[in-house]
Amino acid sequence: MEQKSMTALVSAFARAYHATNNDLKIFNDYLAKVILSEQEYNQIASSMSQGIKLFNPTFEGTEEEALRWIVDNQLSPSPLGRAAFAEKALENSVEMGVEQYLILAAGYDTFGYRQPSWAEKLQVFELEHPITLKDKLNRLGKACIEVPNNVHFIKSDFTKGDWDKNLLESSIFDKRKISFCSLLGISYYLPRENFESLLNKLSMLIPQGSIIIFDYPDEHTFTEQAGVRTKKQLALAGKANEKMLGSYSFSQLESLLSKNNFIISQHLTPNQITKKYFENYNRVTGGHKITAFDNVNYCLATK
């Protein structure tokens with residue numbers, strides 16, 4: 001993490017492209033394009049469309065058609081599906097008494113700046129690596145996006161063992177309050193022992209009834225049984241110097257969570273994700289279908 005996360009930037013680009021180019025939206029992150037400069041957005045778009053042969057060697061079409069294919073097939077499924085999953089679960093949890101929202105590895109997440117009325121009583125904590133966090137704050141300032149009083153930034157490096165200290169030093173964070181913790185996009189990049197340590201620390205930080213939500217690669221991710229898109233995604237992450245490291249079977253994940261006082265409340269496989277979040281969009285758009293990403297499952301667990 002010697003520079004801002006390219007994976008986080010590409011994820012923001014995917015959310016921005018989807019919100020800008022579709023009337024019916026799977027997830028409407030209308031601020032994603034605002035925090036990307038126009039030049040940066042265009043550079044990512046150009047780079048992706050020019051790399052179409054990496055993703056689809058037999059593709060024939062225009063540069064814009066190439067970009068649309070890459071976004072819909074490779075870039076958007078995970079950022080859109082998991083964001084829709086997490087924010088709907090958060091809304092339901094707030095109705096049940098959740099008072100704090102912890103976004104671990106927040107990247108360029110924009111929830112805090114487009115928060116709906118039901119979130120106004122939440123205290124929102126964005127935990128992120130200092131370099132990415134500094135870059136995000138600069139972007140928010142340049143875009144004149146106001147940071148609400150209930151949004152707080154916590155410098156965190158999840159590859160190190162002391163990331164929780166900065167959170168505990170915050171005068172706003174309260175260990176007694178029911179919390180909803182987003183770990184989206186984290187499990188891929190941490191060795192299993194680091195991910196377990198993360199779960200253990202969270203378990204000690206939040207009270208009974210709190211929730212964690214995350215996506216994770218299944219046990220076939222690093223094998224020949226992995227889907228074609230997964231293999232290309234691994235290569236793409238590697239080129240960005242953000243190598244993917246973790247994968248889990250359901251039983252391994254269930255055991256890991258149980259060991260750290262969490263019980264799985266909801267679990268979605270790729271087919272279930274497609275049906276739940278993409279089916280209506282695919283019915284309307286026809287030629288631009290999106291399916292859940294290969295080998296990636298979603299999980300919500302309760303302490």
# chains A, B, ... in the order shown; residues from 1 in each chain; ligands from 1
>>> residues_around(residues="A:Ile211", least_positions_apart="4", cutoff="9 Å", atoms="only C-alpha atoms", output="list in words")
Ser93, Val98, Ile178, Ser179, Phe180, Cys181, Ser182, Ile206, Phe262, Leu300, Ala301, Thr302 and Lys303 of chain A
>>> residues_around(residues="A:Arg15", least_positions_apart="3", cutoff="7 Å", atoms="only C-alpha atoms", output="PDB file with N, CA, C and O atoms, in the first residue's frame")
ATOM      1  N   SER A  11     -13.133   0.019  -8.826  1.00  0.00           N
ATOM      2  CA  SER A  11     -14.447  -0.275  -8.260  1.00  0.00           C
ATOM      3  C   SER A  11     -15.332   0.970  -8.293  1.00  0.00           C
ATOM      4  O   SER A  11     -16.516   0.897  -8.648  1.00  0.00           O
ATOM      5  N   ALA A  12     -14.760   2.121  -7.942  1.00  0.00           N
ATOM      6  CA  ALA A  12     -15.509   3.385  -8.009  1.00  0.00           C
ATOM      7  C   ALA A  12     -15.900   3.694  -9.450  1.00  0.00           C
ATOM      8  O   ALA A  12     -17.019   4.159  -9.718  1.00  0.00           O
ATOM      9  N   HIS A  18     -21.999   2.513 -14.153  1.00  0.00           N
ATOM     10  CA  HIS A  18     -23.335   1.927 -14.071  1.00  0.00           C
ATOM     11  C   HIS A  18     -24.379   2.998 -13.758  1.00  0.00           C
ATOM     12  O   HIS A  18     -25.450   3.036 -14.379  1.00  0.00           O
ATOM     13  N   ALA A  19     -24.078   3.876 -12.803  1.00  0.00           N
ATOM     14  CA  ALA A  19     -25.029   4.912 -12.416  1.00  0.00           C
ATOM     15  C   ALA A  19     -25.264   5.915 -13.536  1.00  0.00           C
ATOM     16  O   ALA A  19     -26.372   6.444 -13.689  1.00  0.00           O
ATOM     17  N   ASP A  29     -24.938   4.597  -7.171  1.00  0.00           N
ATOM     18  CA  ASP A  29     -23.905   5.402  -6.517  1.00  0.00           C
ATOM     19  C   ASP A  29     -23.669   6.643  -7.379  1.00  0.00           C
ATOM     20  O   ASP A  29     -22.715   6.719  -8.150  1.00  0.00           O
ATOM     21  N   ALA A  32     -20.172   8.457  -7.170  1.00  0.00           N
ATOM     22  CA  ALA A  32     -18.908   7.801  -7.531  1.00  0.00           C
ATOM     23  C   ALA A  32     -18.158   8.565  -8.616  1.00  0.00           C
ATOM     24  O   ALA A  32     -16.930   8.726  -8.545  1.00  0.00           O
ATOM     25  N   SER A  76     -18.339  -4.643 -12.914  1.00  0.00           N
ATOM     26  CA  SER A  76     -19.490  -4.224 -12.114  1.00  0.00           C
ATOM     27  C   SER A  76     -20.111  -5.267 -11.195  1.00  0.00           C
ATOM     28  O   SER A  76     -20.640  -4.904 -10.141  1.00  0.00           O
ATOM     29  N   PRO A  79     -18.892  -5.008  -7.254  1.00  0.00           N
ATOM     30  CA  PRO A  79     -19.181  -3.732  -6.582  1.00  0.00           C
ATOM     31  C   PRO A  79     -20.671  -3.423  -6.482  1.00  0.00           C
ATOM     32  O   PRO A  79     -21.116  -2.899  -5.463  1.00  0.00           O
ATOM     33  N   LEU A  80     -21.434  -3.743  -7.518  1.00  0.00           N
ATOM     34  CA  LEU A  80     -22.866  -3.431  -7.503  1.00  0.00           C
ATOM     35  C   LEU A  80     -23.639  -4.379  -6.599  1.00  0.00           C
ATOM     36  O   LEU A  80     -24.447  -3.956  -5.764  1.00  0.00           O
TER      37      LEU A  80
END
>>> closest_residue(among="A:Leu54, A:Leu190, A:Leu24, A:Leu199", to="A:Leu245", atoms="only C-alpha atoms")
A:Leu190
>>> closest_atom_pairs(of="stretch 214-271 of chain A", to="stretch 55-69 of chain A", cutoff="10 Å", atoms="only C-alpha atoms", output="Markdown table")
| residue | atom | partner | partner_atom | distance |
| --- | --- | --- | --- | --- |
| A:Val228 | CA | A:Phe55 | CA | 9.1 |
| A:Arg229 | CA | A:Phe55 | CA | 7.9 |
| A:Lys232 | CA | A:Phe55 | CA | 6.9 |
| A:Gln233 | CA | A:Phe55 | CA | 9.3 |
| A:Leu236 | CA | A:Phe55 | CA | 9.9 |
>>> residues_around(residues="A:Ile273", least_positions_apart="3", cutoff="10 Å", atoms="only C-alpha atoms", output="ChimeraX atom specification")
/A:77-78,81-82,85,267-270,276-279,291-293,296-298
>>> closest_atom_pairs(of="stretch 7-95 of chain A", to="stretch 102-106 of chain A", cutoff="12 Å", atoms="only C-alpha atoms", output="Markdown table")
| residue | atom | partner | partner_atom | distance |
| --- | --- | --- | --- | --- |
| A:Thr7 | CA | A:Ala105 | CA | 11.5 |
| A:Ala8 | CA | A:Ala106 | CA | 8.8 |
| A:Leu9 | CA | A:Ala106 | CA | 11.5 |
| A:Ser11 | CA | A:Ala106 | CA | 11.5 |
| A:Ala12 | CA | A:Ala106 | CA | 11.2 |
| A:Ala83 | CA | A:Ile103 | CA | 11.6 |
| A:Ala86 | CA | A:Ile103 | CA | 10.5 |
| A:Glu87 | CA | A:Ile103 | CA | 11.2 |
| A:Leu90 | CA | A:Leu102 | CA | 10.7 |
>>> select_by_dssp(residues="stretch 6-205 of chain A", states="strand (DSSP E or B)", output="list in words")
Gln100, Tyr101, Leu102, Ile103, Leu104, Gln123, Val124, Phe125, Glu126, Leu127, Glu128, Val151, His152, Phe153, Ile154, Lys155, Ser179, Phe180, Cys181 and Ser182 of chain A
>>> write_last_selection(atoms="N, CA and C atoms", output="short mmCIF file (atom, residue, chain, number, x, y, z; two decimals), in the first residue's frame")
data_model
loop_
_atom_site.label_atom_id
_atom_site.label_comp_id
_atom_site.auth_asym_id
_atom_site.auth_seq_id
_atom_site.Cartn_x
_atom_site.Cartn_y
_atom_site.Cartn_z
N GLN A 100 -24.25 2.18 15.08
CA GLN A 100 -22.95 2.51 14.51
C GLN A 100 -22.71 1.69 13.24
N TYR A 101 -22.11 2.35 12.25
CA TYR A 101 -21.79 1.69 10.97
C TYR A 101 -20.29 1.81 10.76
N LEU A 102 -19.61 0.66 10.80
CA LEU A 102 -18.17 0.62 10.59
C LEU A 102 -17.90 0.12 9.17
N ILE A 103 -17.26 0.94 8.36
CA ILE A 103 -16.91 0.54 6.99
C ILE A 103 -15.40 0.29 6.96
N LEU A 104 -15.03 -0.97 7.02
CA LEU A 104 -13.62 -1.33 7.03
C LEU A 104 -13.11 -1.38 5.60
N GLN A 123 -23.81 6.69 13.64
CA GLN A 123 -22.45 7.21 13.61
C GLN A 123 -21.69 6.33 12.62
N VAL A 124 -21.14 6.95 11.57
CA VAL A 124 -20.49 6.23 10.48
C VAL A 124 -18.97 6.38 10.60
N PHE A 125 -18.28 5.25 10.65
CA PHE A 125 -16.82 5.26 10.78
C PHE A 125 -16.20 4.65 9.52
N GLU A 126 -15.39 5.44 8.82
CA GLU A 126 -14.68 4.93 7.64
C GLU A 126 -13.25 4.59 8.07
N LEU A 127 -12.93 3.29 8.02
CA LEU A 127 -11.59 2.83 8.38
C LEU A 127 -10.82 2.53 7.09
N GLU A 128 -9.68 3.18 6.91
CA GLU A 128 -8.94 3.02 5.66
C GLU A 128 -7.47 3.32 5.87
N VAL A 151 -20.07 11.41 10.21
CA VAL A 151 -19.06 10.61 9.49
C VAL A 151 -17.68 10.87 10.09
N HIS A 152 -16.97 9.80 10.42
CA HIS A 152 -15.68 9.91 11.08
C HIS A 152 -14.65 9.05 10.36
N PHE A 153 -13.43 9.54 10.23
CA PHE A 153 -12.37 8.85 9.50
C PHE A 153 -11.34 8.28 10.48
N ILE A 154 -11.04 6.98 10.30
CA ILE A 154 -10.10 6.29 11.18
C ILE A 154 -8.99 5.68 10.34
N LYS A 155 -7.75 6.12 10.56
CA LYS A 155 -6.62 5.56 9.84
C LYS A 155 -6.39 4.11 10.27
N SER A 179 -23.47 -2.49 16.50
CA SER A 179 -22.79 -2.00 15.31
C SER A 179 -23.04 -2.91 14.09
N PHE A 180 -22.98 -2.30 12.95
CA PHE A 180 -23.06 -2.99 11.66
C PHE A 180 -21.72 -2.77 10.99
N CYS A 181 -21.01 -3.85 10.68
CA CYS A 181 -19.64 -3.74 10.18
C CYS A 181 -19.52 -4.28 8.75
N SER A 182 -19.13 -3.42 7.83
CA SER A 182 -18.92 -3.82 6.45
C SER A 182 -17.46 -4.19 6.23
#
>>> closest_residue(among="A:Ser47, A:Lys175, A:Leu205, A:Ser247", to="A:Glu219", atoms="only C-alpha atoms")
A:Ser247
>>> closest_residue(among="A:Phe195, A:Leu253, A:Lys142, A:Asn280", to="A:Asp218", atoms="only C-alpha atoms")
A:Leu253
>>> closest_residue(among="A:Lys177, A:Lys201, A:His129, A:Arg139", to="A:Asp164", atoms="only C-alpha atoms")
A:Lys201
>>> residues_around(residues="A:Gly185", least_positions_apart="2", cutoff="8 Å", atoms="only C-alpha atoms", output="ChimeraX atom specification")
/A:105,183,187-189,214-216
>>> residues_around(residues="A:Asp72", least_positions_apart="6", cutoff="10 Å", atoms="only C-alpha atoms", output="ChimeraX atom specification")
/A:14,17-18,288-291
>>> atom_distance(atom1="atom CA of A:Gly107", atom2="atom CA of A:Lys136")
7.6 Å
>>> atom_distance(atom1="atom CA of A:Leu31", atom2="atom CA of A:Ser170")
27.0 Å
>>> atom_distance(atom1="atom CA of A:Asp294", atom2="atom CA of A:Gln266")
18.8 Å
>>> residues_around(residues="A:Cys144", least_positions_apart="3", cutoff="12 Å", atoms="only C-alpha atoms", output="PDB file with N, CA, C and O atoms, in the first residue's frame")
ATOM      1  N   LEU A  31     -22.630   9.470  -6.620  1.00  0.00           N
ATOM      2  CA  LEU A  31     -21.478  10.297  -6.263  1.00  0.00           C
ATOM      3  C   LEU A  31     -20.145   9.706  -6.715  1.00  0.00           C
ATOM      4  O   LEU A  31     -19.122  10.373  -6.645  1.00  0.00           O
ATOM      5  N   VAL A  34     -18.379  11.705  -9.234  1.00  0.00           N
ATOM      6  CA  VAL A  34     -17.997  13.028  -8.742  1.00  0.00           C
ATOM      7  C   VAL A  34     -16.627  12.992  -8.074  1.00  0.00           C
ATOM      8  O   VAL A  34     -15.841  13.941  -8.194  1.00  0.00           O
ATOM      9  N   ILE A  35     -16.345  11.897  -7.355  1.00  0.00           N
ATOM     10  CA  ILE A  35     -15.051  11.851  -6.664  1.00  0.00           C
ATOM     11  C   ILE A  35     -13.918  11.382  -7.580  1.00  0.00           C
ATOM     12  O   ILE A  35     -12.750  11.425  -7.185  1.00  0.00           O
ATOM     13  N   TYR A 113     -22.008  10.297   2.283  1.00  0.00           N
ATOM     14  CA  TYR A 113     -22.289  11.588   1.655  1.00  0.00           C
ATOM     15  C   TYR A 113     -23.584  11.575   0.843  1.00  0.00           C
ATOM     16  O   TYR A 113     -23.996  12.590   0.298  1.00  0.00           O
ATOM     17  N   LEU A 137     -10.003  12.191   1.010  1.00  0.00           N
ATOM     18  CA  LEU A 137     -10.342  13.487   1.588  1.00  0.00           C
ATOM     19  C   LEU A 137     -10.028  14.621   0.612  1.00  0.00           C
ATOM     20  O   LEU A 137     -10.786  15.596   0.516  1.00  0.00           O
ATOM     21  N   ASN A 138      -8.927  14.475  -0.116  1.00  0.00           N
ATOM     22  CA  ASN A 138      -8.594  15.477  -1.137  1.00  0.00           C
ATOM     23  C   ASN A 138      -9.670  15.519  -2.226  1.00  0.00           C
ATOM     24  O   ASN A 138     -10.062  16.593  -2.687  1.00  0.00           O
ATOM     25  N   ARG A 139     -10.143  14.353  -2.626  1.00  0.00           N
ATOM     26  CA  ARG A 139     -11.161  14.272  -3.665  1.00  0.00           C
ATOM     27  C   ARG A 139     -12.478  14.890  -3.187  1.00  0.00           C
ATOM     28  O   ARG A 139     -13.152  15.599  -3.943  1.00  0.00           O
ATOM     29  N   LEU A 140     -12.854  14.588  -1.962  1.00  0.00           N
ATOM     30  CA  LEU A 140     -14.090  15.154  -1.416  1.00  0.00           C
ATOM     31  C   LEU A 140     -14.006  16.676  -1.387  1.00  0.00           C
ATOM     32  O   LEU A 140     -14.980  17.369  -1.706  1.00  0.00           O
ATOM     33  N   GLY A 141     -12.843  17.202  -0.996  1.00  0.00           N
ATOM     34  CA  GLY A 141     -12.659  18.645  -0.956  1.00  0.00           C
ATOM     35  C   GLY A 141     -12.753  19.282  -2.333  1.00  0.00           C
ATOM     36  O   GLY A 141     -13.435  20.288  -2.521  1.00  0.00           O
ATOM     37  N   VAL A 147     -18.741  16.782   4.302  1.00  0.00           N
ATOM     38  CA  VAL A 147     -18.697  15.617   5.173  1.00  0.00           C
ATOM     39  C   VAL A 147     -19.664  15.840   6.332  1.00  0.00           C
ATOM     40  O   VAL A 147     -19.459  16.746   7.140  1.00  0.00           O
TER      41      VAL A 147
END
>>> select_by_dssp(residues="stretch 138-224 of chain A", states="helix (DSSP H, G or I)", output="list in words")
Asn138, Arg139, Leu140, Gly141, Lys142, Asp164, Lys165, Asn166, Leu167, Leu168, Glu169, Arg192, Glu193, Asn194, Phe195, Glu196, Ser197, Leu198, Leu199, Asn200, Lys201, Leu202, Ser203, Met204 and Leu205 of chain A
>>> closest_residue(among="A:Lys134, A:Lys231, A:Arg176, A:Lys259", to="A:Glu196", atoms="only C-alpha atoms")
A:Lys259
